[in-house]
Amino acid sequence: MSDSSELPKSEKEEEVTPEPEEQSDDSSEDEAAGDADMDFMRNLFSSALGLSSAEKVLDELTLDGVARYINSGKCKNIICMVGAGISTSAGIPDFRSPETGLYANLQKYNLPYPEAIFQIDYFKKHPEPFFALARELYPGQFKPTICHYFMKMLKDKGILRRCYTQNIDTLERVAGLEGDDLIEAHGTFYKSHCVSFCCRKEYSLEWMKEKIFSDDIPKCDKCSSLVKPDIVFFGENLPARFFTSMKMDFPRCDLLIVMGTSLQVQPFASLVSRVSKNCPRLLINMEKSGQVKPMMSLFGFGEGMDFDSDKAYRDVAHISTCDDGCLALADLLGWKAELEELVKKEHAKIDSQDAKEKASENKGATAKASSASAPPEPKAEE
């Protein structure tokens, strides 16, 4: 499985060709697989013939080197690839941490195996566990993190090309990234659809929230089939836009920032190899991930990150929480105070909105209780 206006106006837009029309999921995925095979063969022959060459862009492979590159003005098309690790400080568990991860805490749902909760065939037969979990993790109960707002700052400064997210919590949207800023690779709760192929009626975030929190299994009011949030389950294709956009975005990328992901789930993980050989790649994570496999490294293929070998020339690993890493980078860029103020202001706005909604709910509940407890008016005598 796991994910939102076009880029800010700049000179680079004049060079960008229009987005191709979306293809069907199957054709896009097949074409992407064919492209990957072609990339593999190109790398093989380039390496064998000694034709591959790459320019070192960073003056040093550190966070300071990345900051100097961004501040140089040469970096105008940043792509962020993010996973569950950017949301853990908001209170949302990641998937694979041994004790605190989501998969390690699903015993109460009596699943045949943890991943079954996101298997489409299991969901169609047993939707109850998924919707019980959805009630715990539903969007609107959490605030975006420092990392989310750092990406919003990249957008505001006109240097974010796109954010590719594995997350389904919609916190990128809450932080201010919009539809064209985002590729929600593993879908989103933002919209839902009837699972019936013949129906596919669309439902809103608010409709789904009402159903989930009333303990109802969401059913289509048109055909009575199940309604599922537009998150990608195991056994489903990724959105067609994922495949069409990656072909356009990654060749133009001049800095790839990877945060909070183990880079274990395909095809998302393979995106790191789609940038040009000159493009620097920064990983901010609690551990190194996405590293090149030894056999692939032997042939000189760019199938993963290379932080430690003698041939390393563009990959930087900053081992920390995503929030701490973004704060450290913002500090080096001279943006730290601006970032902290943005987080403070936006969190206060969310708290104020939540307080208003709770006050309105309490007022409604009180009025309803008063109406229920009031004695019936006596009938007028005839």
# chains A, B, ... in the order shown; residues from 1 in each chain; ligands from 1
$ select_by_dssp --residues "region 121-364 of chain A" --states "helix (DSSP H, G or I)" --output "number ranges by chain"
A: 121-125, 128-137, 146-156, 171-175, 179-181, 205-213, 240-252, 268-274, 294-298, 322-333, 336-364
$ closest_atom_pairs --of "region 136-227 of chain A" --to "region 256-274 of chain A" --cutoff "10 Å" --atoms "only C-alpha atoms" --output "CSV"
residue,atom,partner,partner_atom,distance
A:Cys147,CA,A:Met259,CA,8.7
A:Met151,CA,A:Ile257,CA,10.0
A:Cys163,CA,A:Ile257,CA,9.4
A:Tyr164,CA,A:Phe268,CA,8.6
A:Thr165,CA,A:Phe268,CA,8.9
A:Gln166,CA,A:Phe268,CA,7.8
A:Asn167,CA,A:Thr261,CA,10.0
A:Ala185,CA,A:Phe268,CA,7.4
A:His186,CA,A:Phe268,CA,9.0
$ select_by_dssp --residues "region 85-322 of chain A" --states "strand (DSSP E)" --output "tab-separated table (two decimals) with all heavy atoms, in the first residue's frame"
chain	number	residue	atom	x	y	z
A	160	LEU	N	9.10	23.96	-4.32
A	160	LEU	CA	8.56	22.59	-4.22
A	160	LEU	C	7.88	22.23	-5.52
A	160	LEU	O	6.90	22.87	-5.92
A	160	LEU	CB	7.56	22.49	-3.07
A	160	LEU	CG	6.88	21.12	-2.92
A	160	LEU	CD1	7.88	20.08	-2.40
A	160	LEU	CD2	5.67	21.18	-1.99
A	161	ARG	N	8.41	21.20	-6.18
A	161	ARG	CA	7.73	20.74	-7.40
A	161	ARG	C	6.54	19.88	-7.04
A	161	ARG	O	5.44	20.06	-7.55
A	161	ARG	CB	8.70	19.97	-8.30
A	161	ARG	CG	7.98	19.48	-9.55
A	161	ARG	CD	8.87	19.00	-10.64
A	161	ARG	NE	8.04	18.70	-11.81
A	161	ARG	CZ	7.70	19.58	-12.72
A	161	ARG	NH1	8.10	20.83	-12.63
A	161	ARG	NH2	6.93	19.24	-13.74
A	162	ARG	N	6.76	18.93	-6.14
A	162	ARG	CA	5.66	18.04	-5.76
A	162	ARG	C	6.04	17.29	-4.48
A	162	ARG	O	7.23	17.07	-4.19
A	162	ARG	CB	5.38	17.01	-6.85
A	162	ARG	CG	3.93	16.50	-6.87
A	162	ARG	CD	3.08	17.32	-7.82
A	162	ARG	NE	3.49	17.14	-9.22
A	162	ARG	CZ	2.95	17.84	-10.22
A	162	ARG	NH1	2.03	18.73	-9.99
A	162	ARG	NH2	3.36	17.65	-11.46
A	163	CYS	N	5.04	16.91	-3.75
A	163	CYS	CA	5.22	16.00	-2.62
A	163	CYS	C	4.55	14.67	-2.96
A	163	CYS	O	3.35	14.63	-3.26
A	163	CYS	CB	4.59	16.58	-1.35
A	163	CYS	SG	4.48	15.41	0.03
A	164	TYR	N	5.33	13.60	-2.94
A	164	TYR	CA	4.81	12.24	-3.13
A	164	TYR	C	4.70	11.61	-1.75
A	164	TYR	O	5.71	11.42	-1.07
A	164	TYR	CB	5.75	11.42	-4.02
A	164	TYR	CG	5.64	11.75	-5.49
A	164	TYR	CD1	6.07	12.97	-6.00
A	164	TYR	CD2	5.09	10.83	-6.38
A	164	TYR	CE1	5.96	13.28	-7.34
A	164	TYR	CE2	4.98	11.13	-7.74
A	164	TYR	CZ	5.42	12.36	-8.22
A	164	TYR	OH	5.30	12.66	-9.56
A	165	THR	N	3.48	11.32	-1.32
A	165	THR	CA	3.28	10.80	0.02
A	165	THR	C	2.67	9.41	0.00
A	165	THR	O	1.82	9.10	-0.83
A	165	THR	CB	2.38	11.75	0.86
A	165	THR	OG1	2.18	11.18	2.17
A	165	THR	CG2	1.02	11.97	0.21
A	182	LEU	N	0.34	17.63	-4.54
A	182	LEU	CA	0.42	16.31	-3.92
A	182	LEU	C	0.19	15.17	-4.89
A	182	LEU	O	-0.67	15.26	-5.76
A	182	LEU	CB	-0.64	16.18	-2.82
A	182	LEU	CG	-0.36	16.76	-1.44
A	182	LEU	CD1	-1.64	16.69	-0.61
A	182	LEU	CD2	0.75	15.99	-0.75
A	183	ILE	N	0.96	14.10	-4.71
A	183	ILE	CA	0.62	12.81	-5.29
A	183	ILE	C	0.42	11.87	-4.09
A	183	ILE	O	1.38	11.50	-3.42
A	183	ILE	CB	1.73	12.25	-6.20
A	183	ILE	CG1	2.00	13.21	-7.37
A	183	ILE	CG2	1.34	10.87	-6.73
A	183	ILE	CD1	0.83	13.41	-8.31
A	184	GLU	N	-0.82	11.55	-3.80
A	184	GLU	CA	-1.13	10.67	-2.68
A	184	GLU	C	-1.06	9.23	-3.20
A	184	GLU	O	-2.06	8.65	-3.61
A	184	GLU	CB	-2.50	11.03	-2.10
A	184	GLU	CG	-2.46	12.40	-1.42
A	184	GLU	CD	-3.81	13.07	-1.26
A	184	GLU	OE1	-4.62	13.03	-2.21
A	184	GLU	OE2	-4.06	13.67	-0.19
A	187	GLY	N	-3.31	6.70	-1.88
A	187	GLY	CA	-4.70	7.13	-1.72
A	187	GLY	C	-4.89	8.04	-0.53
A	187	GLY	O	-3.94	8.51	0.09
A	188	THR	N	-6.17	8.29	-0.21
A	188	THR	CA	-6.49	9.28	0.81
A	188	THR	C	-7.90	9.05	1.35
A	188	THR	O	-8.75	8.45	0.67
A	188	THR	CB	-6.40	10.70	0.21
A	188	THR	OG1	-6.80	11.66	1.19
A	188	THR	CG2	-7.28	10.84	-1.02
A	189	PHE	N	-8.15	9.55	2.54
A	189	PHE	CA	-9.50	9.56	3.11
A	189	PHE	C	-10.32	10.72	2.54
A	189	PHE	O	-11.51	10.84	2.83
A	189	PHE	CB	-9.43	9.73	4.63
A	189	PHE	CG	-9.34	8.44	5.40
A	189	PHE	CD1	-8.11	7.95	5.84
A	189	PHE	CD2	-10.48	7.72	5.70
A	189	PHE	CE1	-8.04	6.77	6.56
A	189	PHE	CE2	-10.41	6.55	6.42
A	189	PHE	CZ	-9.20	6.07	6.85
A	190	TYR	N	-9.68	11.60	1.78
A	190	TYR	CA	-10.32	12.85	1.35
A	190	TYR	C	-11.62	12.59	0.58
A	190	TYR	O	-12.57	13.35	0.66
A	190	TYR	CB	-9.34	13.65	0.51
A	190	TYR	CG	-9.72	15.09	0.32
A	190	TYR	CD1	-9.70	15.97	1.39
A	190	TYR	CD2	-10.08	15.59	-0.93
A	190	TYR	CE1	-10.05	17.31	1.23
A	190	TYR	CE2	-10.41	16.92	-1.11
A	190	TYR	CZ	-10.40	17.77	-0.03
A	190	TYR	OH	-10.74	19.09	-0.20
A	191	LYS	N	-11.63	11.51	-0.20
A	191	LYS	CA	-12.85	11.11	-0.93
A	191	LYS	C	-13.05	9.62	-0.73
A	191	LYS	O	-12.13	8.88	-0.43
A	191	LYS	CB	-12.72	11.44	-2.42
A	191	LYS	CG	-12.73	12.90	-2.76
A	191	LYS	CD	-12.79	13.13	-4.26
A	191	LYS	CE	-11.53	12.67	-4.98
A	191	LYS	NZ	-11.53	13.01	-6.41
A	192	SER	N	-14.30	9.17	-0.96
A	192	SER	CA	-14.63	7.75	-0.89
A	192	SER	C	-15.51	7.39	-2.07
A	192	SER	O	-16.15	8.26	-2.67
A	192	SER	CB	-15.39	7.43	0.42
A	192	SER	OG	-14.63	7.76	1.55
A	193	HIS	N	-15.52	6.09	-2.41
A	193	HIS	CA	-16.35	5.62	-3.52
A	193	HIS	C	-17.01	4.28	-3.18
A	193	HIS	O	-16.46	3.50	-2.40
A	193	HIS	CB	-15.52	5.44	-4.80
A	193	HIS	CG	-15.20	6.72	-5.50
A	193	HIS	ND1	-14.10	7.50	-5.15
A	193	HIS	CD2	-15.84	7.39	-6.51
A	193	HIS	CE1	-14.07	8.57	-5.94
A	193	HIS	NE2	-15.10	8.51	-6.76
A	194	CYS	N	-18.15	4.06	-3.78
A	194	CYS	CA	-18.80	2.75	-3.72
A	194	CYS	C	-17.87	1.73	-4.38
A	194	CYS	O	-17.27	2.01	-5.43
A	194	CYS	CB	-20.13	2.81	-4.45
A	194	CYS	SG	-20.94	1.21	-4.65
A	202	GLU	N	-19.48	8.66	-5.68
A	202	GLU	CA	-18.49	9.33	-4.83
A	202	GLU	C	-19.12	9.91	-3.58
A	202	GLU	O	-20.26	10.41	-3.61
A	202	GLU	CB	-17.80	10.43	-5.63
A	202	GLU	CG	-16.70	11.17	-4.86
A	202	GLU	CD	-15.99	12.21	-5.70
A	202	GLU	OE1	-15.53	11.86	-6.81
A	202	GLU	OE2	-15.92	13.37	-5.25
A	203	TYR	N	-18.37	9.85	-2.47
A	203	TYR	CA	-18.84	10.41	-1.20
A	203	TYR	C	-17.74	11.28	-0.60
A	203	TYR	O	-16.55	11.07	-0.83
A	203	TYR	CB	-19.21	9.28	-0.22
A	203	TYR	CG	-20.41	8.49	-0.67
A	203	TYR	CD1	-20.28	7.38	-1.52
A	203	TYR	CD2	-21.70	8.86	-0.28
A	203	TYR	CE1	-21.38	6.67	-1.95
A	203	TYR	CE2	-22.81	8.15	-0.71
A	203	TYR	CZ	-22.65	7.05	-1.54
A	203	TYR	OH	-23.75	6.35	-1.97
A	204	SER	N	-18.16	12.25	0.22
A	204	SER	CA	-17.23	13.24	0.77
A	204	SER	C	-16.59	12.75	2.07
A	204	SER	O	-17.03	11.77	2.69
A	204	SER	CB	-17.97	14.55	1.04
A	204	SER	OG	-18.90	14.37	2.12
A	227	VAL	N	-19.01	1.19	0.86
A	227	VAL	CA	-18.30	2.40	0.44
A	227	VAL	C	-16.96	2.42	1.14
A	227	VAL	O	-16.88	2.23	2.36
A	227	VAL	CB	-19.10	3.67	0.77
A	227	VAL	CG1	-18.29	4.92	0.39
A	227	VAL	CG2	-20.44	3.67	0.04
A	228	LYS	N	-15.88	2.61	0.39
A	228	LYS	CA	-14.52	2.57	0.93
A	228	LYS	C	-13.80	3.89	0.67
A	228	LYS	O	-13.90	4.44	-0.44
A	228	LYS	CB	-13.74	1.43	0.27
A	228	LYS	CG	-12.32	1.25	0.79
A	228	LYS	CD	-11.60	0.13	0.07
A	228	LYS	CE	-11.12	0.52	-1.30
A	228	LYS	NZ	-10.05	1.55	-1.29
A	229	PRO	N	-13.09	4.41	1.67
A	229	PRO	CA	-12.24	5.58	1.39
A	229	PRO	C	-11.28	5.27	0.24
A	229	PRO	O	-10.90	4.12	0.02
A	229	PRO	CB	-11.49	5.79	2.71
A	229	PRO	CG	-12.34	5.15	3.75
A	229	PRO	CD	-12.99	3.98	3.07
A	230	ASP	N	-10.86	6.30	-0.47
A	230	ASP	CA	-10.00	6.11	-1.64
A	230	ASP	C	-8.55	5.86	-1.24
A	230	ASP	O	-7.61	6.45	-1.80
A	230	ASP	CB	-10.07	7.32	-2.56
A	230	ASP	CG	-11.38	7.41	-3.31
A	230	ASP	OD1	-12.23	6.51	-3.13
A	230	ASP	OD2	-11.59	8.39	-4.06
A	231	ILE	N	-8.32	4.99	-0.28
A	231	ILE	CA	-6.97	4.57	0.05
A	231	ILE	C	-6.69	3.27	-0.68
A	231	ILE	O	-7.60	2.49	-0.96
A	231	ILE	CB	-6.76	4.42	1.57
A	231	ILE	CG1	-7.61	3.30	2.14
A	231	ILE	CG2	-7.07	5.72	2.28
A	231	ILE	CD1	-7.31	3.03	3.62
A	255	LEU	N	16.56	18.35	-6.41
A	255	LEU	CA	16.86	17.90	-5.06
A	255	LEU	C	15.73	17.00	-4.60
A	255	LEU	O	14.56	17.41	-4.62
A	255	LEU	CB	17.01	19.07	-4.08
A	255	LEU	CG	17.19	18.69	-2.60
A	255	LEU	CD1	18.47	17.88	-2.39
A	255	LEU	CD2	17.19	19.93	-1.70
A	256	LEU	N	16.07	15.78	-4.21
A	256	LEU	CA	15.08	14.83	-3.70
A	256	LEU	C	15.26	14.74	-2.18
A	256	LEU	O	16.34	14.42	-1.69
A	256	LEU	CB	15.28	13.46	-4.34
A	256	LEU	CG	14.31	12.35	-3.90
A	256	LEU	CD1	12.88	12.68	-4.33
A	256	LEU	CD2	14.73	10.99	-4.47
A	257	ILE	N	14.17	15.03	-1.44
A	257	ILE	CA	14.19	14.93	0.02
A	257	ILE	C	13.27	13.78	0.42
A	257	ILE	O	12.06	13.82	0.15
A	257	ILE	CB	13.75	16.23	0.70
A	257	ILE	CG1	14.62	17.41	0.26
A	257	ILE	CG2	13.80	16.08	2.22
A	257	ILE	CD1	14.23	18.75	0.88
A	258	VAL	N	13.84	12.76	1.03
A	258	VAL	CA	13.08	11.56	1.45
A	258	VAL	C	12.98	11.59	2.97
A	258	VAL	O	13.99	11.67	3.67
A	258	VAL	CB	13.80	10.28	0.99
A	258	VAL	CG1	12.98	9.05	1.36
A	258	VAL	CG2	14.06	10.32	-0.52
A	259	MET	N	11.75	11.49	3.49
A	259	MET	CA	11.56	11.63	4.94
A	259	MET	C	10.58	10.60	5.48
A	259	MET	O	9.50	10.40	4.90
A	259	MET	CB	11.06	13.03	5.28
A	259	MET	CG	12.01	14.14	4.89
A	259	MET	SD	11.47	15.81	5.41
A	259	MET	CE	10.22	16.17	4.17
A	281	ARG	N	20.34	13.67	-3.19
A	281	ARG	CA	19.23	13.02	-2.48
A	281	ARG	C	19.50	13.07	-0.98
A	281	ARG	O	20.54	12.60	-0.51
A	281	ARG	CB	19.07	11.57	-2.95
A	281	ARG	CG	18.83	11.45	-4.45
A	281	ARG	CD	18.63	10.04	-4.93
A	281	ARG	NE	19.82	9.21	-4.79
A	281	ARG	CZ	19.96	7.99	-5.31
A	281	ARG	NH1	18.97	7.48	-6.06
A	281	ARG	NH2	21.05	7.28	-5.13
A	282	LEU	N	18.57	13.66	-0.24
A	282	LEU	CA	18.69	13.79	1.21
A	282	LEU	C	17.68	12.89	1.89
A	282	LEU	O	16.48	12.95	1.59
A	282	LEU	CB	18.44	15.25	1.63
A	282	LEU	CG	18.23	15.51	3.13
A	282	LEU	CD1	19.50	15.18	3.93
A	282	LEU	CD2	17.81	16.97	3.36
A	283	LEU	N	18.15	12.04	2.81
A	283	LEU	CA	17.27	11.20	3.62
A	283	LEU	C	17.25	11.74	5.04
A	283	LEU	O	18.30	11.92	5.67
A	283	LEU	CB	17.77	9.75	3.64
A	283	LEU	CG	17.01	8.80	4.60
A	283	LEU	CD1	15.62	8.48	4.04
A	283	LEU	CD2	17.81	7.51	4.84
A	284	ILE	N	16.04	12.03	5.56
A	284	ILE	CA	15.86	12.38	6.97
A	284	ILE	C	15.00	11.29	7.58
A	284	ILE	O	13.82	11.15	7.25
A	284	ILE	CB	15.18	13.76	7.13
A	284	ILE	CG1	16.02	14.86	6.48
A	284	ILE	CG2	14.96	14.06	8.61
A	284	ILE	CD1	15.38	16.25	6.52
A	285	ASN	N	15.61	10.49	8.44
A	285	ASN	CA	14.91	9.30	8.94
A	285	ASN	C	15.62	8.82	10.21
A	285	ASN	O	16.75	9.22	10.50
A	285	ASN	CB	14.94	8.19	7.87
A	285	ASN	CG	13.85	7.17	8.03
A	285	ASN	OD1	12.73	7.50	8.41
A	285	ASN	ND2	14.14	5.92	7.74
A	315	ASP	N	24.41	11.41	-2.08
A	315	ASP	CA	23.41	11.02	-1.09
A	315	ASP	C	23.83	11.41	0.32
A	315	ASP	O	24.95	11.14	0.74
A	315	ASP	CB	23.16	9.50	-1.16
A	315	ASP	CG	22.52	9.09	-2.47
A	315	ASP	OD1	21.79	9.92	-3.06
A	315	ASP	OD2	22.75	7.95	-2.92
A	316	VAL	N	22.90	12.02	1.05
A	316	VAL	CA	23.14	12.48	2.41
A	316	VAL	C	22.11	11.86	3.34
A	316	VAL	O	20.92	11.91	3.06
A	316	VAL	CB	23.04	14.02	2.50
A	316	VAL	CG1	23.24	14.49	3.94
A	316	VAL	CG2	24.04	14.68	1.57
A	317	ALA	N	22.56	11.26	4.43
A	317	ALA	CA	21.66	10.70	5.45
A	317	ALA	C	21.76	11.53	6.71
A	317	ALA	O	22.84	11.66	7.30
A	317	ALA	CB	21.99	9.24	5.74
A	318	HIS	N	20.65	12.11	7.13
A	318	HIS	CA	20.59	12.82	8.41
A	318	HIS	C	19.73	11.97	9.34
A	318	HIS	O	18.50	11.89	9.17
A	318	HIS	CB	19.98	14.22	8.23
A	318	HIS	CG	19.97	15.03	9.48
A	318	HIS	ND1	21.08	15.72	9.93
A	318	HIS	CD2	18.99	15.25	10.40
A	318	HIS	CE1	20.78	16.34	11.06
A	318	HIS	NE2	19.52	16.06	11.37
A	319	ILE	N	20.36	11.33	10.32
A	319	ILE	CA	19.65	10.38	11.19
A	319	ILE	C	19.07	11.13	12.38
A	319	ILE	O	19.78	11.57	13.28
A	319	ILE	CB	20.60	9.26	11.66
A	319	ILE	CG1	21.25	8.58	10.44
A	319	ILE	CG2	19.84	8.24	12.50
A	319	ILE	CD1	20.27	8.03	9.42
$ atom_distance --atom1 "CA of Ala116 (chain A)" --atom2 "CA of Gly235 (chain A)"
10.8 Å
$ atom_distance --atom1 "CA of Leu177 (chain A)" --atom2 "CA of Leu205 (chain A)"
17.0 Å
$ atom_distance --atom1 "CA of Phe307 (chain A)" --atom2 "CA of Asn77 (chain A)"
22.3 Å
$ residues_around --residues "Met153 (chain A)" --least-positions-apart "3" --cutoff "9 Å" --atoms "only C-alpha atoms" --output "ChimeraX atom specification"
/A:148-150,156-160,335,338-339,342
$ write_last_selection --atoms "N, CA, C and O atoms" --output "PDB file, in the first residue's frame"
ATOM      1  N   HIS A 148       5.536  18.636   8.093  1.00  0.00           N
ATOM      2  CA  HIS A 148       4.491  19.023   7.141  1.00  0.00           C
ATOM      3  C   HIS A 148       4.596  20.505   6.797  1.00  0.00           C
ATOM      4  O   HIS A 148       4.486  20.902   5.627  1.00  0.00           O
ATOM      5  N   TYR A 149       4.807  21.331   7.820  1.00  0.00           N
ATOM      6  CA  TYR A 149       4.876  22.774   7.575  1.00  0.00           C
ATOM      7  C   TYR A 149       6.184  23.176   6.892  1.00  0.00           C
ATOM      8  O   TYR A 149       6.226  24.197   6.175  1.00  0.00           O
ATOM      9  N   PHE A 150       7.247  22.398   7.065  1.00  0.00           N
ATOM     10  CA  PHE A 150       8.480  22.664   6.318  1.00  0.00           C
ATOM     11  C   PHE A 150       8.211  22.504   4.816  1.00  0.00           C
ATOM     12  O   PHE A 150       8.666  23.315   4.003  1.00  0.00           O
ATOM     13  N   ASP A 156       5.673  27.686  -0.465  1.00  0.00           N
ATOM     14  CA  ASP A 156       5.517  29.140  -0.410  1.00  0.00           C
ATOM     15  C   ASP A 156       6.718  29.866  -1.006  1.00  0.00           C
ATOM     16  O   ASP A 156       6.583  30.977  -1.531  1.00  0.00           O
ATOM     17  N   LYS A 157       7.901  29.259  -0.925  1.00  0.00           N
ATOM     18  CA  LYS A 157       9.110  29.869  -1.471  1.00  0.00           C
ATOM     19  C   LYS A 157       9.312  29.533  -2.944  1.00  0.00           C
ATOM     20  O   LYS A 157      10.308  29.924  -3.564  1.00  0.00           O
ATOM     21  N   GLY A 158       8.361  28.768  -3.516  1.00  0.00           N
ATOM     22  CA  GLY A 158       8.375  28.511  -4.951  1.00  0.00           C
ATOM     23  C   GLY A 158       9.353  27.465  -5.419  1.00  0.00           C
ATOM     24  O   GLY A 158       9.705  27.424  -6.598  1.00  0.00           O
ATOM     25  N   ILE A 159       9.809  26.585  -4.491  1.00  0.00           N
ATOM     26  CA  ILE A 159      10.821  25.596  -4.898  1.00  0.00           C
ATOM     27  C   ILE A 159      10.350  24.146  -4.709  1.00  0.00           C
ATOM     28  O   ILE A 159      11.128  23.224  -4.932  1.00  0.00           O
ATOM     29  N   LEU A 160       9.105  23.956  -4.317  1.00  0.00           N
ATOM     30  CA  LEU A 160       8.560  22.594  -4.215  1.00  0.00           C
ATOM     31  C   LEU A 160       7.878  22.232  -5.521  1.00  0.00           C
ATOM     32  O   LEU A 160       6.903  22.873  -5.919  1.00  0.00           O
ATOM     33  N   TRP A 335      15.739  29.803   8.090  1.00  0.00           N
ATOM     34  CA  TRP A 335      14.270  29.802   8.102  1.00  0.00           C
ATOM     35  C   TRP A 335      13.680  29.348   9.439  1.00  0.00           C
ATOM     36  O   TRP A 335      12.466  29.250   9.560  1.00  0.00           O
ATOM     37  N   GLU A 338      11.010  31.492  11.169  1.00  0.00           N
ATOM     38  CA  GLU A 338       9.829  31.555  10.305  1.00  0.00           C
ATOM     39  C   GLU A 338       9.028  30.256  10.390  1.00  0.00           C
ATOM     40  O   GLU A 338       7.787  30.279  10.461  1.00  0.00           O
ATOM     41  N   LEU A 339       9.715  29.126  10.407  1.00  0.00           N
ATOM     42  CA  LEU A 339       9.051  27.830  10.492  1.00  0.00           C
ATOM     43  C   LEU A 339       8.349  27.667  11.839  1.00  0.00           C
ATOM     44  O   LEU A 339       7.197  27.227  11.910  1.00  0.00           O
ATOM     45  N   LEU A 342       5.254  29.750  11.919  1.00  0.00           N
ATOM     46  CA  LEU A 342       4.202  29.157  11.085  1.00  0.00           C
ATOM     47  C   LEU A 342       3.500  28.026  11.823  1.00  0.00           C
ATOM     48  O   LEU A 342       2.257  27.947  11.836  1.00  0.00           O
TER      49      LEU A 342
END
$ residues_around --residues "Ala67 (chain A)" --least-positions-apart "6" --cutoff "12 Å" --atoms "only C-alpha atoms" --output "CSV table (one decimal) with C-alpha atoms, in the first residue's frame"
chain,number,residue,atom,x,y,z
A,58,LEU,CA,27.0,19.3,-3.3
A,59,ASP,CA,30.2,20.7,-2.0
A,60,GLU,CA,30.0,18.2,0.9
A,61,LEU,CA,27.7,15.3,1.7
A,73,GLY,CA,19.4,29.6,-6.0
A,74,LYS,CA,20.2,26.6,-8.3
A,75,CYS,CA,17.6,24.4,-6.5
A,255,LEU,CA,16.9,17.9,-5.1
A,257,ILE,CA,14.2,14.9,0.0
A,280,PRO,CA,21.4,15.2,-4.8
A,282,LEU,CA,18.7,13.8,1.2
A,316,VAL,CA,23.1,12.5,2.4
A,325,GLY,CA,15.8,17.1,10.8
A,326,CYS,CA,13.5,19.7,9.2
A,327,LEU,CA,14.3,22.1,12.1
A,328,ALA,CA,18.0,21.6,11.7
A,329,LEU,CA,17.8,22.2,7.9
A,330,ALA,CA,15.6,25.2,8.4
A,331,ASP,CA,18.1,26.6,10.9
A,332,LEU,CA,20.9,26.2,8.3
A,333,LEU,CA,18.8,27.9,5.7
A,334,GLY,CA,17.9,30.8,8.0
A,335,TRP,CA,14.3,29.8,8.1
$ decode --residues "region 255-269 of chain A" --atoms "N, CA and C atoms" --output "compact mmCIF listing (two decimals), in the first residue's frame"
# COMPACT_ATOMS: atom_id res chain seq x y z
N LEU A 255 16.56 18.35 -6.41
CA LEU A 255 16.86 17.90 -5.06
C LEU A 255 15.73 17.00 -4.60
N LEU A 256 16.07 15.78 -4.21
CA LEU A 256 15.08 14.83 -3.70
C LEU A 256 15.26 14.74 -2.18
N ILE A 257 14.17 15.03 -1.44
CA ILE A 257 14.19 14.93 0.02
C ILE A 257 13.27 13.78 0.42
N VAL A 258 13.84 12.76 1.03
CA VAL A 258 13.08 11.56 1.45
C VAL A 258 12.98 11.59 2.97
N MET A 259 11.75 11.49 3.49
CA MET A 259 11.56 11.63 4.94
C MET A 259 10.58 10.60 5.48
N GLY A 260 10.97 9.95 6.57
CA GLY A 260 10.04 9.13 7.33
C GLY A 260 9.52 7.91 6.62
N THR A 261 10.32 7.28 5.79
CA THR A 261 9.89 6.07 5.09
C THR A 261 11.00 5.03 5.08
N SER A 262 10.60 3.78 5.20
CA SER A 262 11.56 2.67 5.15
C SER A 262 11.94 2.31 3.72
N LEU A 263 11.21 2.87 2.74
CA LEU A 263 11.46 2.58 1.32
C LEU A 263 11.44 1.08 1.06
N GLN A 264 10.43 0.42 1.60
CA GLN A 264 10.28 -1.02 1.41
C GLN A 264 9.13 -1.38 0.47
N VAL A 265 8.20 -0.45 0.28
CA VAL A 265 6.99 -0.76 -0.49
C VAL A 265 7.14 -0.25 -1.92
N GLN A 266 6.95 -1.15 -2.86
CA GLN A 266 7.04 -0.81 -4.28
C GLN A 266 5.63 -0.55 -4.84
N PRO A 267 5.52 0.28 -5.88
CA PRO A 267 6.62 0.90 -6.64
C PRO A 267 7.13 2.22 -6.06
N PHE A 268 6.55 2.66 -4.92
CA PHE A 268 6.94 3.95 -4.35
C PHE A 268 8.45 4.02 -4.10
N ALA A 269 9.01 2.94 -3.51
CA ALA A 269 10.43 2.96 -3.14
C ALA A 269 11.34 3.17 -4.33
